[in-house]
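Dropping target14.cif in here (mmCIF, C-alpha atoms and all ligand atoms):
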data_input
#
loop_
_atom_site.label_atom_id
_atom_site.label_comp_id
_atom_site.auth_asym_id
_atom_site.auth_seq_id
_atom_site.Cartn_x
_atom_site.Cartn_y
_atom_site.Cartn_z
CA MET A 1 84.15 180.31 -108.29
CA LEU A 2 85.60 181.23 -104.90
CA ILE A 3 83.30 180.64 -101.99
CA LYS A 4 83.72 183.13 -99.21
CA ILE A 5 83.94 181.39 -95.87
CA PRO A 6 83.61 183.55 -92.76
CA LYS A 7 86.62 183.51 -90.48
CA GLY A 8 87.04 181.23 -87.53
CA TRP A 9 84.34 181.08 -84.96
CA GLU A 10 81.76 182.90 -87.05
CA ILE A 11 81.27 179.54 -88.75
CA PRO A 12 78.05 177.92 -87.60
CA GLU A 13 78.51 174.60 -85.84
CA ARG A 14 76.91 172.66 -88.66
CA GLU A 15 79.53 173.86 -91.12
CA VAL A 16 82.62 172.96 -89.14
CA THR A 17 84.37 170.30 -91.16
CA LEU A 18 87.85 168.91 -91.63
CA GLU A 19 88.40 170.49 -94.99
CA ASP A 20 86.09 172.96 -96.62
CA VAL A 21 84.83 173.59 -100.08
CA TYR A 22 87.25 176.46 -100.52
CA LEU A 23 90.28 174.33 -99.75
CA ASN A 24 89.00 171.53 -101.90
CA ARG A 25 88.48 173.83 -104.84
CA ARG A 26 91.97 175.19 -104.48
CA LYS A 27 93.32 171.66 -104.46
CA PHE A 28 91.38 170.91 -107.60
CA LEU A 29 93.22 173.57 -109.48
CA THR A 30 96.46 171.77 -108.83
CA ARG A 31 95.68 168.11 -108.32
CA ALA A 32 92.39 166.84 -109.53
CA THR A 33 91.53 165.26 -112.83
CA ALA A 34 88.82 166.70 -115.01
CA ALA A 35 86.53 163.87 -113.98
CA ALA A 36 86.98 164.60 -110.32
CA ALA A 37 86.52 168.30 -110.91
CA ALA A 38 83.15 167.56 -112.47
CA GLY A 39 82.20 165.85 -109.23
CA ILE A 40 82.86 168.81 -107.01
CA GLY A 41 79.92 170.72 -108.41
CA GLY A 42 77.69 168.55 -106.30
CA LEU A 43 79.77 168.74 -103.16
CA ILE A 44 77.77 169.56 -100.08
CA LEU A 45 79.52 170.68 -96.94
CA PRO A 46 79.89 167.43 -94.99
CA GLY A 47 79.15 169.27 -91.77
CA ALA A 48 75.73 170.14 -93.10
CA ALA A 49 74.48 166.91 -91.52
CA THR A 50 72.96 167.65 -88.15
CA LEU A 51 75.24 167.49 -85.14
CA ARG A 52 72.50 165.95 -83.08
CA GLY A 53 73.31 162.45 -84.22
CA ALA A 54 72.37 159.53 -86.36
CA ARG A 55 69.79 159.43 -89.12
CA GLU A 56 66.32 158.46 -88.07
CA GLU A 57 66.32 155.23 -90.09
CA TYR A 58 69.58 154.02 -88.52
CA GLN A 59 69.56 151.14 -86.03
CA PRO A 60 72.81 149.50 -84.78
CA LEU A 61 73.49 146.04 -86.22
CA ASN A 62 73.34 142.86 -84.15
CA LEU A 63 77.05 142.14 -84.47
CA PRO A 64 78.68 139.22 -82.59
CA PRO A 65 79.18 139.96 -78.89
CA LEU A 66 82.61 140.90 -77.59
CA THR A 67 82.60 141.63 -73.92
CA ALA A 68 85.49 142.26 -71.53
CA PRO A 69 85.84 143.40 -67.92
CA ARG A 70 85.67 147.16 -67.51
CA ASN A 71 88.91 148.79 -66.37
CA PRO A 72 87.76 151.01 -63.47
CA GLU A 73 90.75 153.35 -63.85
CA TYR A 74 89.19 155.27 -66.73
CA LYS A 75 86.16 157.20 -65.59
CA VAL A 76 83.99 159.69 -67.43
CA ASP A 77 81.97 162.45 -65.82
CA ARG A 78 78.97 162.20 -68.14
CA PRO A 79 76.59 159.47 -69.26
CA LEU A 80 77.74 157.28 -72.12
CA SER A 81 76.58 158.20 -75.59
CA SER A 82 74.00 155.81 -76.97
CA GLU A 83 75.31 153.11 -79.27
CA ARG A 84 73.14 154.62 -81.95
CA ALA A 85 74.81 158.03 -81.65
CA ALA A 86 78.38 156.70 -81.55
CA THR A 87 77.90 154.27 -84.43
CA GLY A 88 75.48 156.33 -86.52
CA TYR A 89 77.49 159.54 -86.72
CA ASN A 90 81.07 159.08 -87.91
CA ASN A 91 84.02 160.50 -89.75
CA TYR A 92 85.34 158.03 -92.29
CA TYR A 93 86.34 159.66 -95.53
CA GLU A 94 87.15 156.36 -97.25
CA PHE A 95 83.38 155.84 -97.40
CA THR A 96 81.64 159.19 -97.43
CA GLU A 97 81.94 162.70 -96.08
CA ALA A 98 78.33 162.61 -94.82
CA LYS A 99 78.73 161.69 -91.16
CA ASP A 100 75.22 160.37 -90.73
CA GLN A 101 75.54 157.99 -93.69
CA VAL A 102 78.85 156.28 -93.03
CA TRP A 103 77.07 153.33 -91.39
CA LYS A 104 75.12 152.73 -94.59
CA VAL A 105 77.88 153.23 -97.14
CA ALA A 106 80.34 151.13 -95.08
CA GLU A 107 77.97 148.21 -94.46
CA PRO A 108 79.09 146.00 -97.41
CA PHE A 109 82.79 146.40 -96.48
CA LYS A 110 84.47 143.07 -95.58
CA PRO A 111 86.80 143.55 -92.61
CA ARG A 112 87.69 139.86 -92.34
CA PRO A 113 89.97 138.12 -93.16
CA TRP A 114 92.36 140.97 -92.31
CA GLU A 115 96.12 140.82 -92.24
CA ILE A 116 98.24 143.29 -90.29
CA GLU A 117 101.84 143.90 -91.18
CA PHE A 118 104.63 144.88 -88.76
CA LYS A 119 107.75 146.26 -90.39
CA GLY A 120 110.61 148.76 -90.18
CA HIS A 121 112.82 148.76 -87.11
CA VAL A 122 111.54 145.55 -85.54
CA GLU A 123 113.46 142.44 -84.51
CA LYS A 124 111.59 140.45 -87.14
CA PRO A 125 109.11 141.87 -89.68
CA ARG A 126 105.91 139.82 -89.69
CA LYS A 127 102.28 139.62 -90.68
CA ILE A 128 99.42 138.30 -88.60
CA ASP A 129 95.70 137.80 -89.00
CA VAL A 130 93.74 140.23 -86.83
CA ASP A 131 91.88 137.48 -84.96
CA GLU A 132 95.16 135.65 -84.22
CA LEU A 133 96.50 138.88 -82.77
CA ILE A 134 93.37 139.52 -80.70
CA LYS A 135 93.59 135.98 -79.27
CA GLN A 136 97.03 136.79 -77.92
CA MET A 137 95.86 139.91 -76.09
CA SER A 138 93.87 140.23 -72.92
CA LEU A 139 90.83 142.37 -73.61
CA GLU A 140 89.34 145.04 -71.38
CA GLU A 141 86.63 147.68 -71.66
CA ARG A 142 87.44 151.38 -71.24
CA LEU A 143 85.12 154.37 -71.14
CA TYR A 144 86.76 157.21 -73.04
CA ARG A 145 85.75 160.66 -74.23
CA HIS A 146 86.19 160.84 -77.99
CA ARG A 147 86.63 164.42 -79.27
CA CYS A 148 86.81 165.32 -82.94
CA VAL A 149 88.73 168.38 -84.12
CA GLU A 150 85.35 169.52 -85.47
CA ARG A 151 84.25 169.95 -81.82
CA TRP A 152 81.83 167.06 -81.43
CA VAL A 153 82.18 164.58 -78.61
CA VAL A 154 80.91 161.08 -77.90
CA ILE A 155 81.54 159.03 -74.76
CA VAL A 156 82.17 155.45 -75.70
CA PRO A 157 82.73 152.03 -74.05
CA TRP A 158 85.54 150.66 -76.24
CA VAL A 159 86.75 147.05 -76.03
CA GLY A 160 90.39 146.38 -76.78
CA PHE A 161 93.89 146.20 -75.37
CA PRO A 162 96.65 148.71 -74.58
CA MET A 163 98.71 149.76 -77.57
CA LYS A 164 101.75 149.25 -75.33
CA LYS A 165 101.05 145.49 -75.49
CA LEU A 166 100.96 145.65 -79.26
CA VAL A 167 104.28 147.49 -79.35
CA GLU A 168 105.81 144.90 -77.01
CA TRP A 169 104.48 142.16 -79.27
CA ALA A 170 106.00 143.85 -82.35
CA LYS A 171 109.44 144.06 -80.67
CA PRO A 172 110.78 147.33 -82.11
CA THR A 173 114.54 147.87 -81.94
CA SER A 174 116.18 150.85 -80.23
CA GLN A 175 116.28 152.68 -83.58
CA ALA A 176 112.47 153.03 -83.60
CA ARG A 177 111.41 156.54 -82.56
CA TYR A 178 107.97 156.70 -84.16
CA VAL A 179 105.27 154.30 -85.23
CA ARG A 180 103.58 154.89 -88.56
CA MET A 181 100.12 153.40 -89.04
CA VAL A 182 98.42 152.87 -92.38
CA SER A 183 94.80 152.09 -93.19
CA PHE A 184 93.42 150.05 -96.12
CA PHE A 185 93.19 150.86 -99.82
CA ARG A 186 90.20 149.17 -101.45
CA PRO A 187 88.51 151.57 -103.85
CA ALA A 188 86.17 148.81 -105.05
CA GLN A 189 84.68 148.53 -101.55
CA ALA A 190 85.07 152.12 -100.36
CA GLU A 191 83.13 154.70 -102.30
CA GLY A 192 85.02 157.65 -100.79
CA GLN A 193 88.32 156.30 -102.11
CA ARG A 194 86.78 156.07 -105.59
CA LYS A 195 85.18 159.50 -105.51
CA GLY A 196 87.66 161.47 -103.40
CA THR A 197 90.59 160.80 -105.69
CA TRP A 198 92.33 164.02 -104.60
CA TYR A 199 92.99 162.54 -101.15
CA PRO A 200 96.33 160.75 -100.66
CA TRP A 201 94.87 157.31 -99.85
CA PRO A 202 95.37 155.14 -97.88
CA TYR A 203 94.87 157.14 -94.65
CA TYR A 204 98.05 157.26 -92.57
CA GLU A 205 98.96 158.53 -89.11
CA GLY A 206 101.85 158.44 -86.68
CA LEU A 207 102.83 158.64 -83.02
CA THR A 208 106.04 158.98 -81.06
CA MET A 209 107.04 155.79 -79.27
CA ALA A 210 106.31 157.53 -75.94
CA GLU A 211 102.76 158.29 -77.11
CA ALA A 212 102.20 154.81 -78.51
CA THR A 213 103.28 153.22 -75.24
CA ASN A 214 101.43 155.66 -72.97
CA GLU A 215 98.87 153.77 -70.92
CA LEU A 216 95.95 155.66 -72.52
CA ALA A 217 96.72 154.61 -76.11
CA PHE A 218 94.21 151.85 -76.79
CA MET A 219 93.80 149.37 -79.65
CA VAL A 220 90.08 149.03 -80.24
CA VAL A 221 88.43 145.86 -81.57
CA GLY A 222 84.93 146.30 -80.15
CA MET A 223 82.45 148.76 -78.67
CA TYR A 224 79.19 148.51 -76.73
CA GLY A 225 79.95 144.85 -76.01
CA LYS A 226 80.08 143.81 -79.69
CA ILE A 227 82.80 143.54 -82.33
CA LEU A 228 83.68 146.87 -83.91
CA PRO A 229 81.21 147.91 -86.63
CA ASN A 230 82.60 148.87 -90.04
CA GLN A 231 81.77 152.54 -89.63
CA ASN A 232 83.91 152.83 -86.48
CA GLY A 233 86.98 151.17 -88.01
CA ALA A 234 86.55 147.39 -88.12
CA PRO A 235 88.36 145.20 -87.54
CA ILE A 236 90.93 147.21 -85.54
CA ARG A 237 91.63 150.89 -84.88
CA VAL A 238 93.40 152.94 -82.30
CA HIS A 239 91.88 155.41 -79.84
CA LEU A 240 93.92 158.23 -78.32
CA PRO A 241 91.55 160.13 -76.05
CA TRP A 242 93.84 163.13 -75.42
CA LYS A 243 94.20 163.86 -79.12
CA TYR A 244 91.74 165.07 -81.74
CA GLY A 245 89.92 162.19 -83.37
CA TYR A 246 91.83 162.36 -86.64
CA LYS A 247 94.86 160.77 -84.94
CA SER A 248 92.74 157.71 -84.07
CA ILE A 249 93.19 155.91 -87.36
CA LYS A 250 90.66 153.23 -88.28
CA ALA A 251 90.98 149.87 -90.05
CA ILE A 252 94.75 149.57 -89.62
CA THR A 253 96.69 147.28 -91.95
CA LYS A 254 100.24 148.26 -91.15
CA PHE A 255 102.49 149.35 -88.28
CA GLU A 256 105.90 150.56 -89.34
CA PHE A 257 108.54 151.50 -86.81
CA VAL A 258 110.61 154.38 -88.13
CA GLU A 259 113.33 156.82 -87.10
CA LYS A 260 111.88 160.04 -88.50
CA GLN A 261 108.54 161.67 -87.79
CA PRO A 262 106.23 160.19 -90.42
CA PRO A 263 103.90 162.31 -92.57
CA THR A 264 100.22 162.30 -91.58
CA PHE A 265 97.13 162.30 -93.81
CA TRP A 266 95.32 165.45 -92.69
CA HIS A 267 98.50 167.44 -92.36
CA ASP A 268 99.34 166.59 -95.96
CA VAL A 269 95.83 167.54 -97.12
CA VAL A 270 95.63 170.89 -95.27
CA PRO A 271 99.07 171.60 -93.72
CA ALA A 272 98.09 174.82 -91.94
CA GLU A 273 95.18 173.20 -90.11
CA TYR A 274 96.23 169.79 -88.79
CA ASP A 275 99.51 169.19 -87.04
CA PHE A 276 101.26 165.99 -86.09
CA GLN A 277 100.71 166.36 -82.37
CA ALA A 278 96.99 167.20 -82.43
CA ASN A 279 96.64 167.40 -78.66
CA ILE A 280 93.26 168.69 -77.51
CA ASN A 281 93.78 172.27 -76.38
CA PRO A 282 91.04 174.84 -75.73
CA ASN A 283 93.58 177.68 -76.03
CA LYS A 284 94.82 176.81 -79.49
CA PRO A 285 92.12 177.66 -82.02
CA HIS A 286 91.83 175.87 -85.30
CA PRO A 287 92.46 178.46 -88.05
CA ARG A 288 88.75 178.39 -88.92
CA TRP A 289 87.08 177.95 -85.53
CA SER A 290 87.63 178.19 -81.79
CA GLN A 291 88.43 175.03 -79.81
CA ALA A 292 87.29 176.55 -76.50
CA THR A 293 84.05 174.57 -76.41
CA GLU A 294 82.72 171.27 -77.68
CA ARG A 295 79.30 169.75 -78.31
CA ILE A 296 78.11 166.44 -77.01
CA VAL A 297 76.53 164.58 -79.91
CA GLU A 298 72.90 163.58 -79.36
CA ILE A 299 72.45 165.71 -76.23
CA GLY A 300 73.50 168.84 -78.08
CA GLU A 301 74.99 170.36 -74.92
CA THR A 302 77.95 172.71 -75.36
CA VAL A 303 80.64 172.42 -72.65
CA PRO A 304 84.15 173.87 -72.20
CA THR A 305 86.98 171.93 -73.85
CA ARG A 306 89.58 170.64 -71.41
CA LEU A 307 93.32 170.55 -72.05
CA TYR A 308 94.24 167.04 -73.21
CA ASN A 309 90.49 166.31 -73.09
CA GLY A 310 90.84 166.07 -69.29
CA TYR A 311 93.53 163.36 -69.50
CA GLY A 312 96.46 165.58 -68.43
CA LYS A 313 97.41 163.42 -65.50
CA TYR A 314 98.35 160.63 -67.88
CA VAL A 315 99.96 162.55 -70.71
CA ALA A 316 100.99 166.11 -69.76
CA GLN A 317 104.50 164.92 -68.89
CA LEU A 318 105.01 163.78 -72.48
CA TYR A 319 104.94 167.38 -73.66
CA GLU A 320 106.88 169.18 -70.96
CA PRO A 321 109.94 170.92 -72.37
N1 LIG A 401 90.53 156.73 -89.94
C1 LIG A 401 90.40 156.52 -91.26
N2 LIG A 401 90.98 155.45 -91.80
N3 LIG A 401 89.68 157.37 -92.05
C2 LIG A 401 89.08 158.50 -91.54
O1 LIG A 401 88.45 159.26 -92.31
N4 LIG A 401 88.67 159.87 -89.57
C3 LIG A 401 89.25 160.28 -88.29
C4 LIG A 401 89.43 159.10 -87.34
N5 LIG A 401 90.05 157.98 -88.03
C5 LIG A 401 89.23 158.76 -90.15
C6 LIG A 401 89.94 157.81 -89.37
C7 LIG A 401 88.45 161.30 -87.63
S1 LIG A 401 88.53 162.86 -88.29
C8 LIG A 401 87.71 161.06 -86.51
S2 LIG A 401 86.94 162.30 -85.66
C9 LIG A 401 87.54 159.70 -86.00
O2 LIG A 401 88.16 158.72 -86.83
C10 LIG A 401 86.05 159.37 -85.91
O3 LIG A 401 85.87 158.14 -85.27
P1 LIG A 401 84.38 157.58 -85.05
O4 LIG A 401 83.71 157.56 -86.37
O5 LIG A 401 84.56 156.23 -84.43
O6 LIG A 401 83.69 158.53 -84.11
#
Could I get this file's structure written as structure tokens?
Ligand code: MTE
Amino acid sequence: MLIKIPKGWEIPEREVTLEDVYLNRRKFLTRATAAAAAGIGGLILPGAATLRGAREEYQPLNLPPLTAPRNPEYKVDRPLSSERAATGYNNYYEFTEAKDQVWKVAEPFKPRPWEIEFKGHVEKPRKIDVDELIKQMSLEERLYRHRCVERWVVIVPWVGFPMKKLVEWAKPTSQARYVRMVSFFRPAQAEGQRKGTWYPWPYYEGLTMAEATNELAFMVVGMYGKILPNQNGAPIRVHLPWKYGYKSIKAITKFEFVEKQPPTFWHDVVPAEYDFQANINPNKPHPRWSQATERIVEIGETVPTRLYNGYGKYVAQLYEP
């Protein structure tokens, strides 16, 4: 039953995906139940969806407006992606592996009310409703390049607030060296959590305190002047433009301040392919494909990848020996 996958950059663009059928099958041998194994027969490579963008039938929803002044510091050298492209072509495995269908499968999800928990090495552990938290923050709009490890790029006007403000609000103690972030677990509302039972749900990620408080790290609660749609991580996600997209965890329910480097979802699923740091680097190929170039979703143009996605002036010092 082994499927032979060509090595690295021989893989056509449309087949580049976070995990592949081969790895999934191997995992089945060790982890999956018989019921789940029956499901894999029908698995289609998620990357088989076109890289050009959203499905034809997709139109962005008229969500409530959420506007904020644009921060002129963060400039992009290309036109913004259309709202349709950035909200109609997503990675969100809790819902589906088909990128051009996430919008549809995620539509019934209820992202409010939504409680966020702060725990671990903090002065006082606490929980807060997402809208209460947002009210306490001053919102701004930032244009950021968003680059997936699979090599696709969108350029997005996010609305949110610096993660540094969130960390200050949480009041971590001096023992905190990392922040661990955890997404939701609601199999009844998220088809991918019901079907993809071999994944270690809920999705989890982590950052060093220096990364979390870097000025680029951004808590996102809206995009294109509206509240965040479900498919992009409603009601709150992070965006880290110098790192591959898998670090930018969506629909966060928990921030835990810890001493040791926390485990991360994709590293645990495929350890050899996804590391903790995940900094965008054209010179460090993924084991199955080159990272030297990237494709702009919708336009289809292929351009060279830049170290730290072009954000070196803000973050390179974090990684100097
Ligand atoms: N967060 C959760 N909870 N679940 C996911 O599957 N996918 C990650 C990241 N955050 C993911 C997630 C990956 S691989 C990418 S590329 C980005 O979300 C995609 O964000 P977008 O859909 O807003 O473009």
For the contact check between chain A and ligand LIG 401 (chain A), emit one row per residue of chain A within 6 Å, containing the shortest atom pair and the distance in Å rounded to one decimal, counting only C-alpha atoms and all ligand atoms, chain then rising number order, as JSON lines.
{"residue": "A:Asn90", "atom": "CA", "partner": "A:LIG401", "partner_atom": "O4", "distance": 3.4}
{"residue": "A:Asn91", "atom": "CA", "partner": "A:LIG401", "partner_atom": "C10", "distance": 4.5}
{"residue": "A:Tyr92", "atom": "CA", "partner": "A:LIG401", "partner_atom": "O1", "distance": 3.3}
{"residue": "A:Tyr93", "atom": "CA", "partner": "A:LIG401", "partner_atom": "O1", "distance": 3.9}
{"residue": "A:Glu94", "atom": "CA", "partner": "A:LIG401", "partner_atom": "N3", "distance": 5.9}
{"residue": "A:Cys148", "atom": "CA", "partner": "A:LIG401", "partner_atom": "S2", "distance": 4.1}
{"residue": "A:Ser183", "atom": "CA", "partner": "A:LIG401", "partner_atom": "N2", "distance": 5.3}
{"residue": "A:Tyr203", "atom": "CA", "partner": "A:LIG401", "partner_atom": "N2", "distance": 5.1}
{"residue": "A:Asn232", "atom": "CA", "partner": "A:LIG401", "partner_atom": "O5", "distance": 4.0}
{"residue": "A:Gly245", "atom": "CA", "partner": "A:LIG401", "partner_atom": "S2", "distance": 3.8}
{"residue": "A:Tyr246", "atom": "CA", "partner": "A:LIG401", "partner_atom": "C7", "distance": 3.7}
{"residue": "A:Ser248", "atom": "CA", "partner": "A:LIG401", "partner_atom": "N5", "distance": 4.8}
{"residue": "A:Ile249", "atom": "CA", "partner": "A:LIG401", "partner_atom": "N1", "distance": 3.8}
{"residue": "A:Lys250", "atom": "CA", "partner": "A:LIG401", "partner_atom": "N1", "distance": 3.9}
{"residue": "A:Ala251", "atom": "CA", "partner": "A:LIG401", "partner_atom": "N2", "distance": 5.8}
Self-check item: Length of the CA of Phe185 (chain A) to CA of Trp198 (chain A) vector [Å]
Solution: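 A separation of 14.0 Å between them.
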Practice problem: May I ask for the distance between CA of Val102 (chain A) and CA of Glu83 (chain A), given in Å to one decimal place? | Solution: 14.6 Å
Quiz item: Counting all atoms listed in the file, which of A:Glu117, A:Glu298, A:Asp100, A:Glu211 gets nearest to Lys164 (chain A)?
Solution: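 Closest candidate: A:Glu211.
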Self-check item: Given all atoms listed in the file as the counted atoms, nearest of A:Glu107, A:Glu294, A:Glu132, A:Glu73 to Tyr311 (chain A)
Solution: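 Of the candidates, the smallest distance to Tyr311 (chain A) is held by A:Glu73.
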Quiz prompt | Sphere at (90.1, 166.1, -78.7), radius 12 Å, counting all atoms listed in the file: residues as a ChimeraX atom specification | solution = /A:144-155,239-248,277-282,284,286,291-295,304-311
Exercise. Considering all atoms listed in the file, state which residue in the set A:Glu273, A:Glu140, A:Asp268, A:Glu57 is at the smallest distance from Phe218 (chain A).
Key: A:Glu140
Practice problem: Go ahead and compute the interatomic distance for CA of Leu133 (chain A) and CA of Gly222 (chain A), in Å to one decimal. | Solution: 14.0 Å
Starting from 5 Å padding per side, set up an axis-aligned box that covers all listed atoms of region 191-207 of chain A and hand over centre and edge lengths in Å, one decimal, as JSON.
{"center_x": 93.0, "center_y": 159.4, "center_z": -94.4, "size_x": 29.7, "size_y": 19.3, "size_z": 32.7}
